[in-house]
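A.B. asks: What follows is final.txt, made up of compact mmCIF, C-alpha atoms:
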# COMPACT_ATOMS: atom_id res chain seq x y z
CA MET F 1 -10.86 111.29 125.57
CA ALA F 2 -11.70 114.96 125.95
CA ASP F 3 -13.57 116.78 128.71
CA LYS F 4 -14.82 120.30 129.03
CA ASN F 5 -13.50 122.59 131.75
CA GLU F 6 -15.60 125.05 133.74
CA THR F 7 -15.45 127.66 130.99
CA GLY F 8 -16.54 125.19 128.37
CA ALA F 9 -13.14 124.91 126.71
CA THR F 10 -12.18 121.47 125.52
CA VAL F 11 -9.16 120.00 127.29
CA SER F 12 -7.31 117.12 125.64
CA GLU F 13 -6.35 114.26 127.89
CA PRO F 14 -2.75 113.12 127.60
CA GLU F 15 -1.89 109.53 126.94
CA GLY F 16 -2.37 107.42 130.06
CA GLY F 17 -5.01 109.81 131.40
CA ILE F 18 -4.86 112.85 133.59
CA ASP F 19 -4.07 110.81 136.68
CA GLU F 20 -0.93 109.39 135.12
CA ALA F 21 0.28 112.81 133.92
CA ALA F 22 -0.32 114.31 137.35
CA ALA F 23 1.56 111.52 139.02
CA LYS F 24 4.64 112.27 136.93
CA THR F 25 5.04 115.82 138.24
CA GLU F 26 7.93 116.23 140.71
CA ASP F 27 6.34 118.84 142.92
CA GLY F 28 2.86 117.30 143.15
CA GLY F 29 1.43 120.48 141.73
CA THR F 30 -1.68 118.64 140.56
CA GLN F 31 -2.79 117.93 144.07
CA ASN F 32 -4.86 120.39 146.04
CA ALA F 33 -3.69 122.16 149.17
CA ALA F 34 -5.14 119.44 151.41
CA GLY F 35 -3.12 116.79 149.60
CA ASN F 36 -6.20 114.56 149.08
CA GLY F 37 -5.18 113.59 145.56
CA ALA F 38 -7.84 115.63 143.82
CA LYS F 39 -6.86 116.51 140.34
CA ALA F 40 -6.29 120.17 139.44
CA PRO F 41 -7.47 121.54 136.11
CA VAL F 42 -4.85 121.32 133.38
CA GLU F 43 -3.72 124.67 131.95
CA THR F 44 -4.67 125.56 128.44
CA ASP F 45 -1.95 125.79 125.79
CA ALA F 46 -2.15 129.59 125.74
CA GLU F 47 -1.60 129.80 129.49
CA GLN F 48 1.43 127.52 129.29
CA VAL F 49 2.98 129.67 126.53
CA ARG F 50 2.45 132.85 128.55
CA GLU F 51 4.12 131.29 131.58
CA VAL F 52 7.14 130.12 129.57
CA GLU F 53 7.56 133.57 128.00
CA ALA F 54 7.34 135.27 131.37
CA ASP F 55 9.87 132.89 132.83
CA ALA F 56 12.28 133.48 129.92
CA GLU F 57 12.16 137.21 130.65
CA GLY F 58 13.08 136.57 134.26
CA SER F 59 9.83 137.99 135.63
CA ILE F 60 8.87 134.81 137.45
CA GLY F 61 12.07 134.82 139.46
CA SER F 62 13.93 132.08 137.66
CA GLU F 63 17.64 131.75 138.27
CA ALA F 64 18.54 132.95 134.79
CA GLY F 65 16.32 136.01 135.01
CA GLY F 66 17.60 136.93 138.46
CA SER F 67 21.21 136.67 137.34
CA ALA F 68 20.56 138.88 134.31
CA ALA F 69 18.96 141.56 136.47
CA ALA F 70 21.84 141.42 138.93
CA LEU F 71 24.36 141.68 136.11
CA GLU F 72 22.62 144.74 134.64
CA GLU F 73 22.56 146.38 138.05
CA SER F 74 26.25 145.71 138.65
CA GLU F 75 27.17 147.04 135.20
CA ALA F 76 25.16 150.20 135.82
CA LYS F 77 26.90 150.68 139.17
CA ALA F 78 30.31 150.14 137.58
CA GLY F 79 29.44 152.69 134.92
CA ASP F 80 28.52 155.26 137.58
CA GLU F 81 31.79 154.67 139.41
CA LYS F 82 33.75 155.36 136.22
CA ASP F 83 31.81 158.54 135.45
CA LYS F 84 33.84 161.29 137.14
CA SER F 85 30.76 163.51 137.45
CA SER F 86 28.64 160.87 139.22
CA ASP F 87 27.93 160.72 142.94
CA ALA F 88 29.12 157.10 143.01
CA TYR F 89 32.55 158.12 141.72
CA HIS F 90 32.72 161.02 144.19
CA ALA F 91 31.83 158.69 147.07
CA LYS F 92 34.60 156.34 145.98
CA VAL F 93 37.14 159.20 145.95
CA THR F 94 36.18 160.56 149.39
CA ALA F 95 36.06 157.14 151.06
CA LYS F 96 39.71 157.46 152.22
CA ALA F 97 39.44 161.06 153.43
CA GLY F 98 41.08 161.54 156.83
CA THR F 99 43.28 158.43 156.60
CA PRO F 100 47.07 158.19 156.06
CA ALA F 101 46.51 156.15 152.90
CA GLY F 102 44.13 158.80 151.61
CA LEU F 103 46.65 161.56 152.35
CA ILE F 104 49.49 159.78 150.52
CA SER F 105 47.38 158.93 147.49
CA GLY F 106 45.99 162.48 147.51
CA LEU F 107 49.48 164.04 147.54
CA ILE F 108 50.57 161.88 144.61
CA LYS F 109 47.43 162.70 142.66
CA GLU F 110 47.67 166.42 143.42
CA LEU F 111 51.18 166.48 141.96
CA ARG F 112 49.41 165.59 138.70
CA PRO F 113 52.17 163.48 137.12
CA LYS F 114 50.13 163.25 133.91
CA GLN F 115 50.57 167.00 133.49
CA TRP F 116 54.35 166.61 133.45
CA VAL F 117 54.11 165.45 129.86
CA LYS F 118 53.76 169.14 128.97
CA ASN F 119 57.23 169.72 130.41
CA VAL F 120 58.75 167.69 127.58
CA LEU F 121 58.56 171.03 125.75
CA VAL F 122 61.87 171.90 127.44
CA LEU F 123 63.48 169.69 124.78
CA ALA F 124 61.99 171.74 121.94
CA ALA F 125 64.61 174.50 121.89
CA PRO F 126 67.65 172.16 122.07
CA PHE F 127 66.05 169.97 119.39
CA THR F 128 65.44 172.81 116.93
CA ALA F 129 68.91 174.21 117.66
CA GLY F 130 70.48 170.96 116.48
CA ALA F 131 72.06 170.42 119.92
CA LEU F 132 70.05 167.48 121.21
CA LEU F 133 72.96 165.08 120.68
CA ASN F 134 75.14 167.16 123.01
CA THR F 135 75.29 165.40 126.40
CA ASP F 136 75.70 168.60 128.43
CA VAL F 137 72.74 170.22 126.71
CA VAL F 138 70.55 167.18 127.32
CA LEU F 139 71.53 167.14 131.01
CA ASP F 140 70.64 170.83 131.39
CA ALA F 141 67.31 170.22 129.62
CA ALA F 142 66.61 167.27 131.94
CA LEU F 143 67.17 169.48 134.97
CA ALA F 144 64.86 172.07 133.41
CA PHE F 145 62.23 169.33 133.13
CA VAL F 146 62.63 168.53 136.85
CA VAL F 147 62.37 172.11 138.09
CA PHE F 148 59.40 172.84 135.85
CA SER F 149 57.61 169.73 137.11
CA MET F 150 58.23 170.84 140.70
CA ALA F 151 57.06 174.41 140.05
CA ALA F 152 53.97 173.35 138.11
CA SER F 153 52.94 170.89 140.83
CA GLY F 154 53.47 173.59 143.49
CA ILE F 155 51.15 175.91 141.55
CA TYR F 156 48.52 173.16 141.35
CA PHE F 157 48.56 172.85 145.15
CA ILE F 158 48.14 176.62 145.61
CA ASN F 159 45.45 176.97 142.96
CA ASP F 160 43.37 174.09 144.35
CA ALA F 161 43.79 175.31 147.94
CA ILE F 162 42.43 178.73 146.94
CA ASP F 163 39.59 177.29 144.84
CA VAL F 164 38.62 174.54 147.28
CA GLU F 165 35.08 175.83 147.88
CA SER F 166 34.24 176.51 144.23
CA ASP F 167 35.76 173.16 143.21
CA ARG F 168 33.37 171.39 145.58
CA GLN F 169 30.48 172.82 143.58
CA HIS F 170 31.90 171.52 140.28
CA PRO F 171 30.74 168.09 138.98
CA THR F 172 34.29 166.82 138.31
CA LYS F 173 36.66 169.19 140.15
CA ARG F 174 35.07 168.15 143.45
CA ASN F 175 37.08 164.94 143.08
CA ARG F 176 40.40 166.78 143.30
CA PRO F 177 42.32 165.69 146.43
CA ILE F 178 42.02 168.98 148.32
CA ALA F 179 38.35 169.55 147.45
CA ALA F 180 37.57 165.90 148.30
CA GLY F 181 39.16 166.25 151.75
CA LEU F 182 42.09 163.89 151.12
CA ILE F 183 44.60 166.71 151.71
CA PRO F 184 43.99 169.31 154.45
CA VAL F 185 44.45 172.86 153.18
CA PRO F 186 47.35 173.73 155.58
CA ILE F 187 49.34 170.72 154.38
CA ALA F 188 48.69 171.77 150.78
CA TRP F 189 50.26 175.18 151.46
CA VAL F 190 53.34 173.65 153.11
CA VAL F 191 53.93 171.26 150.20
CA ALA F 192 53.49 174.10 147.70
CA VAL F 193 56.15 176.25 149.40
CA LEU F 194 58.60 173.34 149.46
CA LEU F 195 58.07 172.58 145.77
CA LEU F 196 58.35 176.19 144.59
CA GLY F 197 61.36 176.92 146.79
CA GLY F 198 63.10 173.74 145.64
CA SER F 199 62.44 174.60 142.02
CA LEU F 200 64.07 178.02 142.32
CA ALA F 201 67.04 176.62 144.27
CA ILE F 202 67.84 173.91 141.71
CA SER F 203 67.35 176.23 138.70
CA GLY F 204 69.73 178.76 140.30
CA VAL F 205 72.42 176.07 140.45
CA VAL F 206 71.90 175.10 136.79
CA SER F 207 72.10 178.56 135.21
CA PHE F 208 71.02 182.15 135.69
CA GLY F 209 68.95 181.95 132.51
CA LEU F 210 66.90 179.02 133.82
CA PHE F 211 66.50 180.74 137.20
CA THR F 212 65.12 183.84 135.43
CA VAL F 213 62.63 181.78 133.42
CA MET F 214 61.46 179.91 136.53
CA ALA F 215 61.12 183.13 138.55
CA VAL F 216 59.00 184.69 135.80
CA TYR F 217 56.89 181.52 135.49
CA ILE F 218 56.22 181.30 139.24
CA ALA F 219 55.45 185.03 139.55
CA VAL F 220 53.01 184.95 136.62
CA GLN F 221 51.32 181.78 137.85
CA LEU F 222 50.94 183.12 141.39
CA GLY F 223 49.34 186.25 139.94
CA TYR F 224 46.99 183.94 138.04
CA CYS F 225 46.07 182.01 141.20
CA PHE F 226 45.46 185.13 143.29
CA GLY F 227 43.14 186.96 140.93
CA LEU F 228 44.29 187.29 137.33
CA LYS F 229 42.46 184.10 136.38
CA HIS F 230 39.24 186.07 136.83
CA GLN F 231 40.24 188.59 134.16
CA PRO F 232 38.97 187.70 130.67
CA VAL F 233 41.66 187.39 127.96
CA ILE F 234 44.42 187.90 130.55
CA ASP F 235 43.81 184.39 131.84
CA LEU F 236 44.13 183.00 128.30
CA CYS F 237 47.46 184.74 127.82
CA ILE F 238 48.84 183.60 131.18
CA VAL F 239 48.00 179.94 130.61
CA ALA F 240 49.46 180.13 127.10
CA SER F 241 52.63 181.75 128.49
CA GLY F 242 53.13 178.67 130.63
CA PHE F 243 53.64 176.57 127.50
CA LEU F 244 55.92 179.19 125.96
CA LEU F 245 58.13 179.42 129.07
CA ARG F 246 58.45 175.63 129.13
CA ALA F 247 59.70 175.68 125.55
CA VAL F 248 62.14 178.50 126.34
CA ALA F 249 63.43 176.87 129.54
CA GLY F 250 65.44 174.14 127.82
CA GLY F 251 67.31 176.63 125.67
CA ALA F 252 67.82 179.03 128.59
CA ALA F 253 69.26 176.24 130.76
CA ALA F 254 71.86 175.38 128.09
CA GLY F 255 72.46 178.97 126.94
CA LEU F 256 71.25 178.29 123.39
CA GLU F 257 70.19 180.93 120.86
CA ILE F 258 66.53 180.58 119.90
CA THR F 259 65.09 181.66 116.56
CA GLN F 260 62.24 184.16 116.41
CA TRP F 261 60.05 181.69 114.52
CA PHE F 262 60.27 179.29 117.43
CA TYR F 263 58.80 181.86 119.81
CA ILE F 264 55.93 182.77 117.50
CA VAL F 265 54.94 179.20 116.63
CA VAL F 266 55.00 178.03 120.25
CA ALA F 267 53.19 181.15 121.53
CA PHE F 268 50.26 180.97 119.12
CA GLY F 269 50.16 177.17 119.19
CA SER F 270 49.77 177.46 122.97
CA LEU F 271 47.00 180.03 122.58
CA PHE F 272 45.22 177.63 120.21
CA MET F 273 45.26 174.86 122.82
CA VAL F 274 44.23 177.14 125.68
CA ALA F 275 41.25 178.49 123.71
CA GLY F 276 40.19 174.87 123.13
CA LYS F 277 40.56 174.14 126.82
CA ARG F 278 38.36 177.09 127.77
CA TYR F 279 35.79 176.09 125.15
CA ALA F 280 35.52 172.65 126.75
CA GLU F 281 35.01 174.23 130.18
CA VAL F 282 32.34 176.64 128.93
CA LYS F 283 30.54 173.80 127.15
CA LEU F 284 30.63 171.61 130.26
CA ALA F 285 29.22 174.43 132.37
CA ALA F 286 26.39 174.99 129.88
CA GLU F 287 25.49 171.30 129.87
CA THR F 288 25.72 170.63 133.62
CA GLY F 289 25.00 174.03 135.14
CA ALA F 290 28.27 173.84 137.07
CA LYS F 291 29.50 176.96 138.81
CA ILE F 292 32.31 178.65 136.85
CA ARG F 293 34.61 181.57 137.60
CA LYS F 294 34.01 185.11 136.42
CA SER F 295 36.38 185.05 133.44
CA LEU F 296 34.67 182.03 131.87
CA LYS F 297 31.31 183.78 132.03
CA ALA F 298 32.75 186.46 129.75
CA TYR F 299 33.49 183.95 127.00
CA SER F 300 30.95 182.80 124.48
CA PRO F 301 31.53 179.72 122.32
CA SER F 302 31.66 181.90 119.20
CA TYR F 303 34.37 184.13 120.74
CA LEU F 304 36.52 181.15 121.69
CA ARG F 305 36.09 179.75 118.17
CA PHE F 306 37.32 183.10 116.87
CA VAL F 307 40.39 182.95 119.12
CA TRP F 308 41.41 179.41 118.25
CA ALA F 309 40.82 180.03 114.52
CA ILE F 310 43.16 183.05 114.55
CA ALA F 311 45.74 181.24 116.69
CA ALA F 312 45.69 178.17 114.44
CA ALA F 313 46.06 180.31 111.30
CA ILE F 314 49.04 182.24 112.68
CA THR F 315 50.66 179.03 113.92
CA ILE F 316 50.42 177.41 110.49
CA MET F 317 51.60 180.53 108.64
CA THR F 318 54.63 181.16 110.85
CA TYR F 319 55.58 177.49 110.84
CA CYS F 320 55.58 177.52 107.06
CA LEU F 321 57.90 180.56 107.08
CA TRP F 322 60.11 178.80 109.61
CA ALA F 323 60.21 175.67 107.44
CA TYR F 324 61.45 177.64 104.44
CA ASP F 325 64.01 179.29 106.70
CA ILE F 326 65.21 175.84 107.73
CA ARG F 327 65.67 174.90 104.08
CA GLU F 328 67.87 177.95 103.50
CA ILE F 329 69.97 177.48 106.65
CA GLU F 330 70.25 173.68 106.82
CA GLN F 331 70.12 173.09 103.05
CA SER F 332 67.45 170.43 103.57
CA ARG F 333 64.00 169.92 102.10
CA TRP F 334 62.83 167.98 105.13
CA GLY F 335 61.86 171.23 106.83
CA ILE F 336 59.38 171.98 104.05
CA ILE F 337 58.10 168.39 104.06
CA SER F 338 57.41 168.74 107.80
CA ILE F 339 54.69 171.29 106.94
CA ILE F 340 52.40 168.43 105.88
CA PRO F 341 52.23 166.54 109.23
CA MET F 342 52.19 169.87 111.10
CA VAL F 343 49.09 171.18 109.32
CA ILE F 344 47.29 167.83 109.51
CA ALA F 345 48.04 167.60 113.24
CA ILE F 346 46.55 171.05 113.89
CA LEU F 347 43.44 170.23 111.89
CA ARG F 348 43.12 166.89 113.69
CA TYR F 349 43.39 168.53 117.12
CA ALA F 350 40.83 171.13 116.00
CA VAL F 351 38.31 168.28 115.64
CA ASP F 352 38.67 167.51 119.37
CA VAL F 353 38.50 171.21 120.20
CA ASP F 354 35.29 171.61 118.22
CA LYS F 355 33.74 168.64 120.06
CA GLY F 356 34.53 170.27 123.39
CA VAL F 357 36.67 167.37 124.60
CA ALA F 358 40.02 169.20 124.65
CA GLY F 359 39.76 170.25 128.30
CA GLU F 360 43.03 168.44 129.03
CA PRO F 361 45.38 168.92 126.02
CA GLU F 362 47.91 166.37 127.26
CA GLU F 363 45.25 163.66 127.56
CA VAL F 364 43.98 164.38 124.05
CA ALA F 365 47.51 164.12 122.67
CA LEU F 366 48.22 160.84 124.48
CA LYS F 367 44.90 159.16 123.66
CA ASP F 368 44.64 160.16 120.01
CA LYS F 369 46.83 157.62 118.16
CA VAL F 370 46.63 159.58 114.92
CA LEU F 371 48.01 162.67 116.66
CA LEU F 372 50.81 160.58 118.15
CA VAL F 373 51.73 159.26 114.71
CA LEU F 374 51.63 162.75 113.19
CA GLY F 375 53.81 164.06 116.00
CA ALA F 376 56.33 161.27 115.40
CA VAL F 377 56.40 161.99 111.65
CA LEU F 378 56.85 165.73 112.31
CA ALA F 379 59.71 165.04 114.74
CA GLY F 380 61.27 162.66 112.23
CA CYS F 381 61.20 165.26 109.46
CA LEU F 382 62.80 167.88 111.69
CA PHE F 383 65.40 165.39 112.89
CA LEU F 384 66.38 164.68 109.29
CA ALA F 385 66.51 168.43 108.60
CA TYR F 386 68.70 169.33 111.59
CA TYR F 387 70.83 166.28 112.16
CA LEU F 388 71.52 164.80 108.69
Rewrite the coordinates I just gave you, this time as structure tokens.

C.D. replies:
Amino acid sequence: MADKNETGATVSEPEGGIDEAAAKTEDGGTQNAAGNGAKAPVETDAEQVREVEADAEGSIGSEAGGSAAALEESEAKAGDEKDKSSDAYHAKVTAKAGTPAGLISGLIKELRPKQWVKNVLVLAAPFTAGALLNTDVVLDAALAFVVFSMAASGIYFINDAIDVESDRQHPTKRNRPIAAGLIPVPIAWVVAVLLLGGSLAISGVVSFGLFTVMAVYIAVQLGYCFGLKHQPVIDLCIVASGFLLRAVAGGAAAGLEITQWFYIVVAFGSLFMVAGKRYAEVKLAAETGAKIRKSLKAYSPSYLRFVWAIAAAITIMTYCLWAYDIREIEQSRWGIISIIPMVIAILRYAVDVDKGVAGEPEEVALKDKVLLVLGAVLAGCLFLAYYL
């Protein structure tokens, strides 16, 4: 049978009557608060649908809805902790400040082992001289790699100790060990002196040529740290010279003769990467409002595009001339064939530069699988040209 509720709506009675349906509920929800067995009005179909939909969305507090909300919150927190510009990530970094564990991890991080991949350039001169299969040459190049890694890490300590206050105002550089308080500034200076002194001592034992290169590198980089980095254009040239001196170091350690084309290609290729690095920094500052040094304020995106376009063009042109020179000297066409992967690699890297994500050239090179393949093909072509 059917009755009418207080609003006049017709309510259908389930089989067995309302009493029987109410008795089947597990929580006794059909009884009133006094528990006197009075029957509560049955919900309309529309009300039941609304309640089911709300429960499915987790708004009623069901177990499924609560778990989903907790999962979303945990994922959001994890995302913040991975974002190097977030406060959550910064809090995670500074959590160990003032502890021995924090100091040790800070020292290792400040050495910047990932940056040592750039020091592989010390093998460039021996490789292009056709002497990479000579054991003595390889040993000298390996020692050049060690002393350059020590010197570069020492410069990182000095640079970050000087810039500690400005780094703390930067969204990502505030996570550097010295800026984050993991390494006290006095300790940073002591470590820097030990690394730079050790680098010069070892290079002096290897050869006078390597000692000269390292002395020039350290002098130029110290000038950069103590003020030249604030001079527009000069800072670009100094950073680019770091790549060039790395490439020269391997040949200087072994006393090898280096072709003029090698110097030009490496010099302008380095300028191309440095211009991309500066472009990424300028773009980051524009997007986040981060405090940047004086020299970066002098650069506009259009100027940096102009610089990397010229540098890329000169790099490609001089490499092509070098490749034809290789054909004449080595009597091999593989030098000319190597032009193809070289040009494609530069154009591929230019895509990352244009996006403003080439702030760390070594990370771009290691993460871009296409660039890695192109580099391997280029090296293979040159190997066939020089060693077969």

A.B. asks: What is the CA of Cys320 in chain F to CA of Val265 in chain F distance in Å?

C.D. replies: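 Separation of CA of Cys320 in chain F and CA of Val265 in chain F: 9.7 Å.
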
A.B. asks: Please measure the separation of CA of Leu372 in chain F and CA of Ile329 in chain F, giving the value in Å to one decimal.

C.D. replies: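 If I compute the distance from CA of Leu372 in chain F to CA of Ile329 in chain F, I get 28.0 Å.
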
A.B. asks: How many Å lie between CA of Leu378 in chain F and CA of Leu236 in chain F, rounded to one decimal?

C.D. replies: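 Between CA of Leu378 in chain F and CA of Leu236 in chain F the gap works out to 26.8 Å.
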
A.B. asks: For Ser332 in chain F, which residue out of F:Gly375, F:Ala298, F:Leu382, F:Ala161 is the nearest one, using all atoms listed in the file?

C.D. replies: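 Smallest distance to Ser332 in chain F is found for F:Leu382.
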
A.B. asks: Around (66.0, 178.2, 121.8) in the file's frame, which residues reach within 12 Å when counting only C-alpha atoms? Return as a ChimeraX atom specification?

C.D. replies: /F:121-132,137,141,209,244-264,266

A.B. asks: The selected residues should be written to file as a PDB file, in the coordinates of the input (atoms: C-alpha atoms).

C.D. replies:
ATOM      1  CA  LEU F 121      58.560 171.030 125.750  1.00  0.00           C
ATOM      2  CA  VAL F 122      61.870 171.900 127.440  1.00  0.00           C
ATOM      3  CA  LEU F 123      63.480 169.690 124.780  1.00  0.00           C
ATOM      4  CA  ALA F 124      61.990 171.740 121.940  1.00  0.00           C
ATOM      5  CA  ALA F 125      64.610 174.500 121.890  1.00  0.00           C
ATOM      6  CA  PRO F 126      67.650 172.160 122.070  1.00  0.00           C
ATOM      7  CA  PHE F 127      66.050 169.970 119.390  1.00  0.00           C
ATOM      8  CA  THR F 128      65.440 172.810 116.930  1.00  0.00           C
ATOM      9  CA  ALA F 129      68.910 174.210 117.660  1.00  0.00           C
ATOM     10  CA  GLY F 130      70.480 170.960 116.480  1.00  0.00           C
ATOM     11  CA  ALA F 131      72.060 170.420 119.920  1.00  0.00           C
ATOM     12  CA  LEU F 132      70.050 167.480 121.210  1.00  0.00           C
ATOM     13  CA  VAL F 137      72.740 170.220 126.710  1.00  0.00           C
ATOM     14  CA  ALA F 141      67.310 170.220 129.620  1.00  0.00           C
ATOM     15  CA  GLY F 209      68.950 181.950 132.510  1.00  0.00           C
ATOM     16  CA  LEU F 244      55.920 179.190 125.960  1.00  0.00           C
ATOM     17  CA  LEU F 245      58.130 179.420 129.070  1.00  0.00           C
ATOM     18  CA  ARG F 246      58.450 175.630 129.130  1.00  0.00           C
ATOM     19  CA  ALA F 247      59.700 175.680 125.550  1.00  0.00           C
ATOM     20  CA  VAL F 248      62.140 178.500 126.340  1.00  0.00           C
ATOM     21  CA  ALA F 249      63.430 176.870 129.540  1.00  0.00           C
ATOM     22  CA  GLY F 250      65.440 174.140 127.820  1.00  0.00           C
ATOM     23  CA  GLY F 251      67.310 176.630 125.670  1.00  0.00           C
ATOM     24  CA  ALA F 252      67.820 179.030 128.590  1.00  0.00           C
ATOM     25  CA  ALA F 253      69.260 176.240 130.760  1.00  0.00           C
ATOM     26  CA  ALA F 254      71.860 175.380 128.090  1.00  0.00           C
ATOM     27  CA  GLY F 255      72.460 178.970 126.940  1.00  0.00           C
ATOM     28  CA  LEU F 256      71.250 178.290 123.390  1.00  0.00           C
ATOM     29  CA  GLU F 257      70.190 180.930 120.860  1.00  0.00           C
ATOM     30  CA  ILE F 258      66.530 180.580 119.900  1.00  0.00           C
ATOM     31  CA  THR F 259      65.090 181.660 116.560  1.00  0.00           C
ATOM     32  CA  GLN F 260      62.240 184.160 116.410  1.00  0.00           C
ATOM     33  CA  TRP F 261      60.050 181.690 114.520  1.00  0.00           C
ATOM     34  CA  PHE F 262      60.270 179.290 117.430  1.00  0.00           C
ATOM     35  CA  TYR F 263      58.800 181.860 119.810  1.00  0.00           C
ATOM     36  CA  ILE F 264      55.930 182.770 117.500  1.00  0.00           C
ATOM     37  CA  VAL F 266      55.000 178.030 120.250  1.00  0.00           C
TER      38      VAL F 266
END

A.B. asks: Got a sec: who's within 7 Å of Cys381 in chain F, counting all atoms listed in the file, leaving out chain neighbours fewer than 3 positions off, as a compact mmCIF listing (two decimals) with C-alpha atoms, in the frame of the given file?

C.D. replies:
# COMPACT_ATOMS: atom_id res chain seq x y z
CA TRP F 334 62.83 167.98 105.13
CA GLY F 335 61.86 171.23 106.83
CA ILE F 337 58.10 168.39 104.06
CA SER F 338 57.41 168.74 107.80
CA VAL F 377 56.40 161.99 111.65
CA LEU F 378 56.85 165.73 112.31
CA LEU F 384 66.38 164.68 109.29
CA ALA F 385 66.51 168.43 108.60

A.B. asks: When you count all atoms listed in the file, which of these residues is closest to Ala275 in chain F: F:Met342, F:Pro361, F:Asp368, F:Leu210?

C.D. replies: F:Pro361

A.B. asks: Smallest atom-to-atom distance to Ala311 in chain F: which of F:Ile340, F:Leu374, F:Val274, F:Ala280, using all atoms listed in the file?

C.D. replies: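 Answer, going by the shortest atom-to-atom distance: F:Val274.
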
A.B. asks: Could you tell me which of F:Val213, F:Ile104, F:Val185, F:Leu143 comes closest to Asp163 in chain F if we count only C-alpha atoms?

C.D. replies: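 Ranked by minimum distance to Asp163 in chain F, first place goes to F:Val185.
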
A.B. asks: Of the candidates F:His230, F:Arg348, F:Lys118, F:Lys96, which one gets nearest to Pro177 in chain F if we count all atoms listed in the file?

C.D. replies: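 Smallest separation from Pro177 in chain F among the options: F:Lys96.
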
A.B. asks: Nearest residue to Gly276 in chain F out of F:Ala309, F:Val191, F:Val220, F:Val164, using all atoms listed in the file?

C.D. replies: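 Once distances to Gly276 in chain F are computed over all atoms listed in the file, the minimum belongs to F:Ala309.
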